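Listing of my_file_27.csv; format and content: CSV, C-alpha atoms.
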chain,number,residue,atom,x,y,z
A,462,MET,CA,35.7,3.5,0.8
A,463,ALA,CA,35.4,1.8,4.2
A,464,GLU,CA,32.0,3.3,4.7
A,465,LEU,CA,30.8,2.0,1.3
A,466,ILE,CA,32.0,-1.5,2.2
A,467,ARG,CA,30.3,-1.3,5.6
A,468,ARG,CA,27.0,-0.5,3.9
A,469,LEU,CA,27.2,-3.1,1.1
A,470,PRO,CA,25.8,-6.1,3.1
A,471,GLY,CA,22.7,-3.9,4.0
A,472,ALA,CA,22.2,-3.1,0.4
A,473,VAL,CA,22.4,-6.7,-0.7
A,474,LEU,CA,20.2,-7.9,2.2
A,475,ARG,CA,17.5,-5.2,1.3
A,476,ASN,CA,17.5,-6.2,-2.3
A,477,CYS,CA,17.4,-10.0,-1.6
A,478,LEU,CA,14.5,-9.5,0.9
A,479,LEU,CA,12.5,-7.6,-1.7
A,480,LEU,CA,13.2,-10.1,-4.5
A,481,ALA,CA,12.2,-13.0,-2.2
A,482,ALA,CA,8.9,-11.2,-1.4
A,483,GLU,CA,8.3,-10.5,-5.0
A,484,PHE,CA,8.9,-14.2,-5.9
A,485,GLY,CA,6.5,-15.2,-3.1
A,486,ALA,CA,3.9,-12.8,-4.6
A,487,ILE,CA,4.4,-14.2,-8.1
A,488,TRP,CA,3.9,-17.7,-6.7
A,489,LEU,CA,0.6,-16.6,-4.9
A,490,LEU,CA,-0.7,-14.8,-8.0
A,491,ARG,CA,-0.4,-17.8,-10.3
A,492,GLY,CA,-3.5,-18.3,-12.4
A,493,PRO,CA,-6.4,-16.0,-13.1
A,494,GLU,CA,-8.0,-16.2,-9.6
A,495,GLY,CA,-5.0,-15.2,-7.4
A,496,ALA,CA,-5.6,-13.0,-4.4
A,497,TRP,CA,-4.4,-9.9,-6.2
A,498,ILE,CA,-5.3,-7.0,-3.9
A,499,PRO,CA,-4.0,-8.3,-0.6
A,500,VAL,CA,-0.8,-9.8,-2.1
A,501,LEU,CA,0.0,-6.6,-4.1
A,502,LEU,CA,-0.8,-4.4,-1.1
A,503,ALA,CA,1.6,-6.5,1.1
A,504,VAL,CA,4.3,-6.2,-1.6
A,505,PHE,CA,3.8,-2.4,-1.8
A,506,VAL,CA,4.1,-2.1,2.0
A,507,LEU,CA,7.2,-4.2,2.1
A,508,GLY,CA,8.7,-2.3,-0.8
A,509,ALA,CA,8.1,1.0,1.0
A,510,ALA,CA,9.7,-0.4,4.2
A,511,VAL,CA,12.8,-1.9,2.6
A,512,PRO,CA,14.7,1.4,2.4
A,513,HIS,CA,14.2,1.9,6.2
A,514,GLY,CA,17.4,3.3,7.7
A,515,THR,CA,18.7,4.7,4.4
A,516,GLY,CA,17.3,8.2,4.8
A,517,ALA,CA,15.1,7.7,1.7
A,518,GLU,CA,12.3,10.2,1.5
A,519,PHE,CA,8.7,9.6,0.4
A,520,VAL,CA,9.3,9.7,-3.4
A,521,ALA,CA,12.2,7.2,-3.2
A,522,ARG,CA,10.2,4.8,-0.9
A,523,THR,CA,7.1,5.1,-3.2
A,524,SER,CA,9.3,4.4,-6.3
A,525,VAL,CA,10.7,1.2,-4.7
A,526,ALA,CA,7.3,0.1,-3.7
A,527,LEU,CA,5.8,0.7,-7.1
A,528,LEU,CA,8.7,-1.1,-8.8
A,529,ALA,CA,8.1,-4.1,-6.4
A,530,VAL,CA,4.4,-4.2,-7.4
A,531,GLY,CA,5.3,-3.9,-11.1
A,532,ILE,CA,7.8,-6.8,-10.8
A,533,ALA,CA,5.2,-9.0,-9.0
A,534,VAL,CA,2.6,-8.3,-11.7
A,535,ALA,CA,5.0,-8.6,-14.7
A,536,GLY,CA,6.6,-11.7,-13.2
A,537,GLY,CA,3.2,-13.4,-12.7
A,538,ILE,CA,2.2,-12.7,-16.3
A,539,THR,CA,5.5,-13.9,-17.5
A,540,TRP,CA,5.4,-17.1,-15.4
A,541,ASP,CA,1.9,-18.0,-16.6
A,542,ARG,CA,2.8,-17.4,-20.3
A,543,HIS,CA,6.0,-19.4,-19.9
A,544,THR,CA,4.2,-22.3,-18.3
A,545,LEU,CA,1.5,-22.3,-21.0
A,546,HIS,CA,4.2,-22.1,-23.7
A,547,ASP,CA,6.3,-24.9,-22.1
A,548,ARG,CA,3.7,-27.4,-21.1
A,549,GLY,CA,0.3,-26.0,-22.1
A,550,ARG,CA,-2.2,-28.2,-23.8
A,551,GLU,CA,-4.8,-26.9,-26.2
A,552,GLU,CA,-8.3,-28.1,-25.5
A,553,GLN,CA,-11.9,-27.3,-26.5
A,554,ALA,CA,-13.9,-25.5,-23.9
A,555,VAL,CA,-17.6,-24.9,-23.7
A,556,VAL,CA,-19.3,-21.8,-22.3
A,557,ALA,CA,-21.0,-23.2,-19.2
A,558,GLU,CA,-22.5,-20.0,-17.9
A,559,ARG,CA,-23.1,-16.5,-19.2
A,560,THR,CA,-23.7,-13.5,-16.9
A,561,VAL,CA,-24.0,-9.8,-17.6
A,562,GLU,CA,-22.5,-7.4,-15.1
A,563,GLU,CA,-24.2,-3.9,-15.1
A,564,GLY,CA,-21.8,-1.0,-14.4
A,565,GLY,CA,-23.2,2.5,-14.8
A,566,SER,CA,-24.3,2.9,-18.5
A,567,THR,CA,-22.5,-0.2,-19.8
A,568,SER,CA,-23.1,-3.9,-19.4
A,569,THR,CA,-20.2,-6.4,-19.6
A,570,PRO,CA,-20.7,-10.0,-20.4
A,571,SER,CA,-18.8,-12.6,-18.3
A,572,LEU,CA,-18.4,-16.2,-19.2
A,573,ARG,CA,-17.5,-19.4,-17.2
A,574,LEU,CA,-15.8,-22.1,-19.2
A,575,ARG,CA,-15.7,-25.8,-18.8
A,576,THR,CA,-13.2,-28.0,-20.8
A,577,ALA,CA,-14.3,-31.1,-22.6
A,578,ALA,CA,-12.7,-33.2,-19.9
A,579,GLY,CA,-15.1,-31.6,-17.3
A,580,ARG,CA,-12.6,-29.2,-15.7
A,581,ASP,CA,-14.1,-25.8,-14.7
A,582,LEU,CA,-11.7,-23.0,-15.6
A,583,PRO,CA,-11.4,-20.5,-12.8
A,584,GLY,CA,-12.0,-16.8,-13.4
A,585,PRO,CA,-14.5,-15.1,-15.7
A,586,VAL,CA,-13.8,-14.4,-19.3
A,587,ALA,CA,-14.8,-11.0,-20.7
A,588,MET,CA,-16.2,-12.2,-24.0
A,589,ASP,CA,-19.7,-12.2,-25.5
A,590,LEU,CA,-20.6,-15.8,-26.6
A,591,PRO,CA,-23.8,-17.7,-26.0
A,592,VAL,CA,-24.0,-20.7,-23.6
A,593,GLY,CA,-22.9,-23.8,-25.4
A,594,ALA,CA,-20.4,-22.1,-27.7
A,595,ARG,CA,-17.0,-23.7,-28.1
A,596,LEU,CA,-13.6,-22.1,-28.2
A,597,THR,CA,-10.0,-23.1,-28.0
A,598,VAL,CA,-8.2,-22.7,-24.7
A,599,THR,CA,-4.7,-23.6,-23.5
A,600,VAL,CA,-4.5,-25.1,-20.1
A,601,ASP,CA,-1.7,-26.1,-17.8
A,602,PRO,CA,-2.5,-29.7,-16.9
A,603,ASP,CA,-0.6,-29.5,-13.5
A,604,GLY,CA,-1.7,-26.0,-12.4
A,605,PRO,CA,-4.1,-23.1,-12.4
A,606,ALA,CA,-2.7,-21.3,-15.5
A,607,TRP,CA,-4.9,-21.1,-18.6
A,608,ALA,CA,-5.6,-18.7,-21.4
A,609,VAL,CA,-8.1,-18.3,-24.2
A,610,GLY,CA,-6.7,-19.2,-27.6
A,611,GLY,CA,-3.9,-21.4,-28.8
A,612,ARG,CA,-0.5,-22.0,-27.2
A,613,PRO,CA,1.3,-18.7,-26.7
A,614,ASP,CA,4.7,-18.0,-28.2
A,615,ARG,CA,7.8,-17.7,-26.0
A,616,PRO,CA,7.3,-14.8,-23.6
A,617,LEU,CA,10.4,-12.9,-24.7
A,618,TRP,CA,9.1,-9.3,-24.2
A,619,PRO,CA,7.5,-10.1,-20.8
A,620,VAL,CA,10.7,-11.7,-19.7
A,621,ALA,CA,12.7,-8.7,-20.9
A,622,GLY,CA,10.3,-6.3,-19.2
A,623,THR,CA,10.4,-8.1,-15.9
A,624,GLY,CA,14.2,-8.3,-16.1
A,625,ALA,CA,14.4,-4.6,-16.8
A,626,LEU,CA,12.2,-3.8,-13.7
A,627,ILE,CA,14.3,-6.1,-11.5
A,628,LEU,CA,17.5,-4.3,-12.7
A,629,LEU,CA,16.0,-0.9,-12.1
A,630,GLN,CA,14.9,-1.9,-8.6
A,631,THR,CA,18.3,-3.3,-7.8
A,632,VAL,CA,20.0,-0.1,-8.9
A,633,LEU,CA,17.6,2.0,-7.0
A,634,VAL,CA,17.7,0.0,-3.7
A,635,GLY,CA,21.5,-0.2,-4.1
A,636,ARG,CA,21.8,3.6,-4.7
A,637,LEU,CA,19.6,4.4,-1.7
A,638,SER,CA,21.4,2.0,0.6
A,639,LEU,CA,24.9,3.0,-0.4
A,640,ARG,CA,24.5,6.8,-0.6
A,641,PRO,CA,26.2,8.8,2.2
A,642,ARG,CA,23.8,10.0,4.9
A,643,THR,CA,23.4,13.7,5.4
Representation of the structure as structure tokens:
Amino acid sequence: MAELIRRLPGAVLRNCLLLAAEFGAIWLLRGPEGAWIPVLLAVFVLGAAVPHGTGAEFVARTSVALLAVGIAVAGGITWDRHTLHDRGREEQAVVAERTVEEGGSTSTPSLRLRTAAGRDLPGPVAMDLPVGARLTVTVDPDGPAWAVGGRPDRPLWPVAGTGALILLQTVLVGRLSLRPRT
């Protein structure tokens, strides 16, 4: 029992460090033009490093790292949907530019949108509409989040999924940190 109590602060510290890094990643990934690859790579590396000193092998470290990336992605989606549900404003947008990206045997159209207020929406939209076409978008007036279509419903399933991933990660990191060393 004394050994378990001695290891408990390390388990809590590892989990809090990983949760703080995931929150930072969620903050950096807000909106459709976040720096996805470097941020998620950093979260993966940190997730793999957190079990250091626990005797965790490759599979356990990779599991923690993949859970950390999953939490960052799911949390970013949940945050954007919650923001749009909470304070999103429906506006009309116009297709300002249409490009076609060639990829092997397929061609994918990509659109740039501009709201009626003159705000260019970041990130391409994978739809096929002509230049000048109008569509409804929901935008966050104070931030980068936006989505095609009307105001989204409450993000109950994304919240539940993100919470389940956080719980699973907490259990896994706790189990790795508290297990007896061999």
What is the atom CA of A:Ala554-atom CA of A:Leu617 distance in Å, reported with one decimal? 27.4 Å
Mind checking which residues fall within 10 Å of A:Ser638, counting only C-alpha atoms, ignoring those fewer than 5 positions away in the same chain, and posting them as a tab-separated table (two decimals) with C-alpha atoms, in the coordinates of the input?
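Final output, saved to result.tsv:
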chain	number	residue	atom	x	y	z
A	465	LEU	CA	30.80	2.00	1.30
A	468	ARG	CA	27.00	-0.50	3.90
A	469	LEU	CA	27.20	-3.10	1.10
A	470	PRO	CA	25.80	-6.10	3.10
A	471	GLY	CA	22.70	-3.90	4.00
A	472	ALA	CA	22.20	-3.10	0.40
A	473	VAL	CA	22.40	-6.70	-0.70
A	475	ARG	CA	17.50	-5.20	1.30
A	476	ASN	CA	17.50	-6.20	-2.30
A	511	VAL	CA	12.80	-1.90	2.60
A	512	PRO	CA	14.70	1.40	2.40
A	513	HIS	CA	14.20	1.90	6.20
A	514	GLY	CA	17.40	3.30	7.70
A	515	THR	CA	18.70	4.70	4.40
A	516	GLY	CA	17.30	8.20	4.80
A	517	ALA	CA	15.10	7.70	1.70
A	632	VAL	CA	20.00	-0.10	-8.90
A	633	LEU	CA	17.60	2.00	-7.00
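Closest approach to A:Gly624 among A:Thr539, A:Thr560, A:Thr523, A:Thr576 is made by A:Thr539 (distances from all atoms listed in the file).
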Would you mind listing what lies within 8 Å of A:Ala587 as a list in words, with all atoms listed in the file counted and same-chain residues fewer than 2 positions away left out?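 Result of the neighbour search: Thr569, Pro570, Ser571, Leu572, Pro585 and Asp589 of chain A.
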Rounded to one decimal place, report the atom CA of A:Ala463-atom CA of A:Ala521 distance in Å.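 Rounded to one decimal, the two atoms are 24.9 Å apart.
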Could you write stretch 577-595 of chain A as a PDB file, in the frame of the given file, with N, CA and C atoms rebuilt where they are missing?
ATOM      1  N   ALA A 577     -13.665 -29.894 -22.228  1.00  0.00           N
ATOM      2  CA  ALA A 577     -14.300 -31.100 -22.600  1.00  0.00           C
ATOM      3  C   ALA A 577     -14.095 -32.245 -21.630  1.00  0.00           C
ATOM      4  N   ALA A 578     -12.983 -32.155 -20.882  1.00  0.00           N
ATOM      5  CA  ALA A 578     -12.700 -33.200 -19.900  1.00  0.00           C
ATOM      6  C   ALA A 578     -13.460 -32.926 -18.567  1.00  0.00           C
ATOM      7  N   GLY A 579     -14.243 -31.833 -18.498  1.00  0.00           N
ATOM      8  CA  GLY A 579     -15.100 -31.600 -17.300  1.00  0.00           C
ATOM      9  C   GLY A 579     -14.418 -30.642 -16.308  1.00  0.00           C
ATOM     10  N   ARG A 580     -13.267 -30.065 -16.613  1.00  0.00           N
ATOM     11  CA  ARG A 580     -12.600 -29.200 -15.700  1.00  0.00           C
ATOM     12  C   ARG A 580     -13.147 -27.764 -15.819  1.00  0.00           C
ATOM     13  N   ASP A 581     -13.630 -27.191 -14.722  1.00  0.00           N
ATOM     14  CA  ASP A 581     -14.100 -25.800 -14.700  1.00  0.00           C
ATOM     15  C   ASP A 581     -12.877 -24.898 -14.660  1.00  0.00           C
ATOM     16  N   LEU A 582     -12.806 -23.950 -15.568  1.00  0.00           N
ATOM     17  CA  LEU A 582     -11.700 -23.000 -15.600  1.00  0.00           C
ATOM     18  C   LEU A 582     -12.009 -21.848 -14.665  1.00  0.00           C
ATOM     19  N   PRO A 583     -11.113 -21.524 -13.737  1.00  0.00           N
ATOM     20  CA  PRO A 583     -11.400 -20.500 -12.800  1.00  0.00           C
ATOM     21  C   PRO A 583     -11.344 -19.090 -13.461  1.00  0.00           C
ATOM     22  N   GLY A 584     -12.085 -18.177 -12.919  1.00  0.00           N
ATOM     23  CA  GLY A 584     -12.000 -16.800 -13.400  1.00  0.00           C
ATOM     24  C   GLY A 584     -12.990 -16.581 -14.562  1.00  0.00           C
ATOM     25  N   PRO A 585     -13.645 -15.449 -14.562  1.00  0.00           N
ATOM     26  CA  PRO A 585     -14.500 -15.100 -15.700  1.00  0.00           C
ATOM     27  C   PRO A 585     -13.747 -14.676 -16.899  1.00  0.00           C
ATOM     28  N   VAL A 586     -14.352 -14.832 -18.059  1.00  0.00           N
ATOM     29  CA  VAL A 586     -13.800 -14.400 -19.300  1.00  0.00           C
ATOM     30  C   VAL A 586     -14.639 -13.275 -19.856  1.00  0.00           C
ATOM     31  N   ALA A 587     -14.041 -12.153 -20.185  1.00  0.00           N
ATOM     32  CA  ALA A 587     -14.800 -11.000 -20.700  1.00  0.00           C
ATOM     33  C   ALA A 587     -14.965 -11.105 -22.197  1.00  0.00           C
ATOM     34  N   MET A 588     -15.836 -12.003 -22.628  1.00  0.00           N
ATOM     35  CA  MET A 588     -16.200 -12.200 -24.000  1.00  0.00           C
ATOM     36  C   MET A 588     -17.692 -12.261 -24.117  1.00  0.00           C
ATOM     37  N   ASP A 589     -18.227 -12.135 -25.302  1.00  0.00           N
ATOM     38  CA  ASP A 589     -19.700 -12.200 -25.500  1.00  0.00           C
ATOM     39  C   ASP A 589     -19.986 -13.400 -26.398  1.00  0.00           C
ATOM     40  N   LEU A 590     -20.181 -14.579 -25.823  1.00  0.00           N
ATOM     41  CA  LEU A 590     -20.600 -15.800 -26.600  1.00  0.00           C
ATOM     42  C   LEU A 590     -21.773 -16.396 -25.882  1.00  0.00           C
ATOM     43  N   PRO A 591     -22.623 -17.095 -26.632  1.00  0.00           N
ATOM     44  CA  PRO A 591     -23.800 -17.700 -26.000  1.00  0.00           C
ATOM     45  C   PRO A 591     -23.385 -18.991 -25.252  1.00  0.00           C
ATOM     46  N   VAL A 592     -24.246 -19.427 -24.335  1.00  0.00           N
ATOM     47  CA  VAL A 592     -24.000 -20.700 -23.600  1.00  0.00           C
ATOM     48  C   VAL A 592     -24.004 -21.821 -24.594  1.00  0.00           C
ATOM     49  N   GLY A 593     -23.022 -22.698 -24.465  1.00  0.00           N
ATOM     50  CA  GLY A 593     -22.900 -23.800 -25.400  1.00  0.00           C
ATOM     51  C   GLY A 593     -21.873 -23.598 -26.484  1.00  0.00           C
ATOM     52  N   ALA A 594     -21.411 -22.347 -26.637  1.00  0.00           N
ATOM     53  CA  ALA A 594     -20.400 -22.100 -27.700  1.00  0.00           C
ATOM     54  C   ALA A 594     -19.097 -22.707 -27.329  1.00  0.00           C
ATOM     55  N   ARG A 595     -18.345 -23.087 -28.344  1.00  0.00           N
ATOM     56  CA  ARG A 595     -17.000 -23.700 -28.100  1.00  0.00           C
ATOM     57  C   ARG A 595     -15.928 -22.771 -28.544  1.00  0.00           C
TER      58      ARG A 595
END
